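Raw contents of my_file22.csv, CSV, C-alpha atoms:
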chain,number,residue,atom,x,y,z
H,1,VAL,CA,-35.5,-24.8,-8.6
H,2,ALA,CA,-36.1,-27.4,-5.9
H,3,ALA,CA,-33.2,-28.9,-4.0
H,4,ALA,CA,-34.4,-32.4,-5.1
H,5,GLY,CA,-34.2,-31.4,-8.7
H,6,TRP,CA,-36.1,-29.7,-11.4
H,7,HIS,CA,-39.0,-31.7,-12.6
H,8,ARG,CA,-39.9,-31.6,-16.3
H,9,GLY,CA,-43.4,-30.3,-15.4
H,10,ASP,CA,-42.1,-27.5,-13.2
H,11,THR,CA,-42.4,-24.1,-14.8
H,12,LEU,CA,-40.4,-21.1,-13.7
H,13,CYS,CA,-42.5,-18.0,-14.2
H,14,PHE,CA,-41.2,-14.4,-14.5
H,15,THR,CA,-43.6,-11.5,-14.8
H,16,ILE,CA,-42.6,-8.3,-16.6
H,17,PRO,CA,-44.4,-5.1,-17.1
H,18,SER,CA,-45.6,-5.0,-20.7
H,19,GLY,CA,-46.9,-1.4,-21.1
H,20,ASP,CA,-43.9,-0.9,-23.4
H,21,SER,CA,-44.0,-3.7,-26.0
H,22,THR,CA,-40.6,-2.6,-27.3
H,23,ALA,CA,-38.9,-5.1,-24.9
H,24,ASN,CA,-38.1,-7.1,-28.0
H,25,THR,CA,-35.5,-4.4,-28.8
H,26,HIS,CA,-33.9,-4.8,-25.4
H,27,GLN,CA,-31.0,-7.2,-24.5
H,28,TRP,CA,-32.3,-10.5,-23.0
H,29,THR,CA,-29.8,-12.4,-20.8
H,30,LEU,CA,-30.5,-15.8,-19.3
H,31,GLY,CA,-28.5,-16.7,-16.2
H,32,ILE,CA,-28.0,-20.3,-14.9
H,33,ARG,CA,-26.4,-21.2,-11.6
H,34,HIS,CA,-25.5,-24.9,-11.5
H,35,LYS,CA,-23.5,-27.2,-9.4
H,36,ASP,CA,-20.2,-28.8,-10.5
H,37,SER,CA,-22.0,-32.1,-10.2
H,38,TYR,CA,-24.4,-31.2,-13.0
H,39,ALA,CA,-24.1,-34.3,-15.3
H,40,TYR,CA,-24.2,-32.5,-18.7
H,41,ARG,CA,-22.2,-30.0,-20.8
H,42,ASP,CA,-25.4,-28.3,-22.0
H,43,ILE,CA,-29.0,-27.7,-21.2
H,44,TRP,CA,-32.2,-27.5,-23.4
H,45,LEU,CA,-34.9,-25.1,-22.3
H,46,THR,CA,-38.2,-23.7,-23.6
H,47,LEU,CA,-38.8,-20.0,-23.1
H,48,ASN,CA,-42.5,-19.4,-23.8
H,49,GLY,CA,-42.4,-22.3,-26.2
H,50,ASP,CA,-39.2,-21.2,-28.0
H,51,THR,CA,-36.3,-23.7,-27.7
H,52,VAL,CA,-33.1,-22.5,-26.2
H,53,HIS,CA,-29.9,-24.6,-26.2
H,54,LEU,CA,-27.1,-23.4,-23.9
H,55,GLN,CA,-23.5,-24.9,-23.8
H,56,LEU,CA,-22.4,-24.8,-20.2
H,57,ALA,CA,-19.0,-26.6,-20.7
H,58,ASP,CA,-16.5,-27.2,-23.5
H,59,SER,CA,-15.7,-30.6,-25.0
H,60,LEU,CA,-13.2,-31.4,-22.2
H,61,GLY,CA,-15.8,-30.6,-19.5
H,62,TYR,CA,-14.4,-27.3,-18.4
H,63,TRP,CA,-17.3,-25.0,-17.3
H,64,TYR,CA,-17.8,-21.7,-19.1
H,65,GLY,CA,-19.4,-20.1,-16.0
H,66,ASN,CA,-17.6,-18.5,-13.2
H,67,GLY,CA,-17.8,-19.5,-9.5
H,68,ILE,CA,-16.3,-20.4,-6.2
H,69,GLY,CA,-16.9,-23.7,-4.5
H,70,GLU,CA,-19.4,-26.0,-6.1
H,71,LEU,CA,-21.6,-23.4,-7.9
H,72,ARG,CA,-21.0,-21.9,-11.4
H,73,GLN,CA,-22.8,-18.9,-12.7
H,74,TYR,CA,-23.3,-18.8,-16.5
H,75,THR,CA,-25.0,-16.0,-18.4
H,76,HIS,CA,-25.8,-15.9,-22.1
H,77,ALA,CA,-27.5,-13.4,-24.3
H,78,ILE,CA,-30.6,-14.9,-26.0
H,79,THR,CA,-33.0,-14.0,-28.7
H,80,PRO,CA,-36.3,-12.7,-27.2
H,81,PRO,CA,-39.1,-15.2,-27.5
H,82,ASP,CA,-42.2,-14.5,-29.6
H,83,ILE,CA,-44.3,-12.9,-26.9
H,84,ARG,CA,-48.0,-12.1,-27.0
H,85,TRP,CA,-48.0,-8.8,-24.9
H,86,GLN,CA,-50.8,-8.4,-22.5
H,87,ASP,CA,-52.2,-5.0,-21.2
H,88,SER,CA,-50.1,-4.6,-18.1
H,89,ILE,CA,-48.1,-7.8,-17.2
H,90,THR,CA,-46.6,-10.5,-19.4
H,91,GLU,CA,-45.5,-13.8,-18.1
H,92,ILE,CA,-42.3,-15.5,-19.3
H,93,ARG,CA,-42.3,-19.3,-18.7
H,94,ILE,CA,-39.2,-21.4,-18.6
H,95,THR,CA,-39.1,-25.2,-18.5
H,96,HIS,CA,-36.4,-27.7,-19.2
H,97,ILE,CA,-36.7,-30.4,-21.9
H,98,MET,CA,-33.9,-32.6,-20.8
H,99,GLN,CA,-34.5,-36.4,-20.5
H,100,ASP,CA,-33.7,-36.6,-16.8
H,101,ASN,CA,-36.7,-36.1,-14.5
H,102,PRO,CA,-35.9,-34.6,-12.2
H,103,LEU,CA,-32.9,-32.8,-13.6
H,104,LYS,CA,-30.3,-32.5,-10.9
H,105,GLY,CA,-27.6,-29.9,-10.4
H,106,ILE,CA,-29.4,-26.8,-11.6
H,107,HIS,CA,-29.6,-24.4,-8.7
H,108,ASP,CA,-31.5,-21.5,-10.2
H,109,ILE,CA,-32.4,-19.7,-13.4
H,110,GLY,CA,-32.6,-15.9,-13.9
H,111,LEU,CA,-33.8,-13.6,-16.7
H,112,GLN,CA,-32.5,-10.1,-17.2
H,113,ILE,CA,-34.0,-7.6,-19.7
H,114,SER,CA,-32.0,-4.5,-20.1
H,115,ASN,CA,-31.5,-1.6,-22.5
H,116,ARG,CA,-28.8,-2.2,-25.1

Rewrite the structure of this file - the entire thing - as structure tokens.
Amino acid sequence: VAAAGWHRGDTLCFTIPSGDSTANTHQWTLGIRHKDSYAYRDIWLTLNGDTVHLQLADSLGYWYGNGIGELRQYTHAITPPDIRWQDSITEIRITHIMQDNPLKGIHDIGLQISNR
């Protein structure tokens, strides 16, 4: 994500080997690193067109993520998106669907796919 903010049209792309289409049976974890100055308690994303809503803070504004200094790391298990598997590599696309453009305070996004 750019230092000036994450623009609504900016898509984060991850490529994964898709020779084994059983990745839908694996654990999918989405990681978000955000600044304490992030203006919202939540974030709305699309993951290959599927909507993902993550709560980053409680109703009092206490962050769920861990961190030192101004950055917080939050991870959350997600339901795998409906993916059309290609022959060798499949692309996972993540965009935000928040109203702010650019969205400020999001440092980076990560995706982990692992065995259960």

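Of the listed residues (H:Trp28, H:Trp44, H:Tyr62, H:Tyr38), H:Trp28 comes nearest to H:Asn115; the distances count all atoms listed in the file.
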
task = Anything within 8 Å of (-32.9, -9.6, -15.4): list those residues as a list in words, counting only C-alpha atoms and sticking to the file's coordinates.
result =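 All residues meeting the 8 Å criterion around (-32.9, -9.6, -15.4) are Trp28, Thr29, Leu30, Gly110, Leu111, Gln112, Ile113 and Ser114 of chain H.
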
Generate a file of the selected residues that holds C-alpha atoms, formatted as a short mmCIF file (atom, residue, chain, number, x, y, z; two decimals), in the coordinates of the input.
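Dumped everything to part.cif:
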data_model
loop_
_atom_site.label_atom_id
_atom_site.label_comp_id
_atom_site.auth_asym_id
_atom_site.auth_seq_id
_atom_site.Cartn_x
_atom_site.Cartn_y
_atom_site.Cartn_z
CA TRP H 28 -32.30 -10.50 -23.00
CA THR H 29 -29.80 -12.40 -20.80
CA LEU H 30 -30.50 -15.80 -19.30
CA GLY H 110 -32.60 -15.90 -13.90
CA LEU H 111 -33.80 -13.60 -16.70
CA GLN H 112 -32.50 -10.10 -17.20
CA ILE H 113 -34.00 -7.60 -19.70
CA SER H 114 -32.00 -4.50 -20.10
#

key: Counting only C-alpha atoms, the residue of H:His7, H:His26, H:Arg72, H:His96 that sits nearest H:Leu45   = H:His96

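Summary of the local environment: counting all atoms listed in the file, residues at most 9 Å from H:Val52, other than itself and those fewer than 4 positions away along its chain, are Ile43, Trp44, Leu45, Thr46, Leu47, Ile78 and Thr79 of chain H.
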
note = Counting all atoms listed in the file, the residue among H:Asn101, H:Thr75, H:Thr11, H:Asn66 that lies closest to H:Leu54 is H:Thr75

query = Using all atoms listed in the file, which of H:Lys35, H:Ile92, H:Lys104, H:Ile16 sits nearest H:Gly49?
reply =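 That would be H:Ile92, the residue with the smallest distance to H:Gly49.
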
message = Can you measure atom CA of H:Leu103 to atom CA of H:Leu12 for me? One decimal in Å is fine.
response = 13.9 Å

request  = Kindly give the distance, in Å, that separates atom CA of H:Arg33 and atom CA of H:Tyr64, rounded to a single decimal.
outcome  =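 Between atom CA of H:Arg33 and atom CA of H:Tyr64 the gap is 11.4 Å.
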
query = Smallest atom-to-atom distance to H:Ile32: which of H:Ile97, H:Cys13, H:Leu60, H:Leu71, using only C-alpha atoms?
reply =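 Closest to H:Ile32 of all the choices is H:Leu71.
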
Separation of atom CA of H:Ser59 from atom CA of H:Pro80 in Å = 27.4 Å

message = From the options H:Arg93, H:His34, H:Arg8, H:His76, which residue's atoms come nearest to H:His53, counting only C-alpha atoms?
response =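 Result for the nearest residue to H:His53: H:His76.
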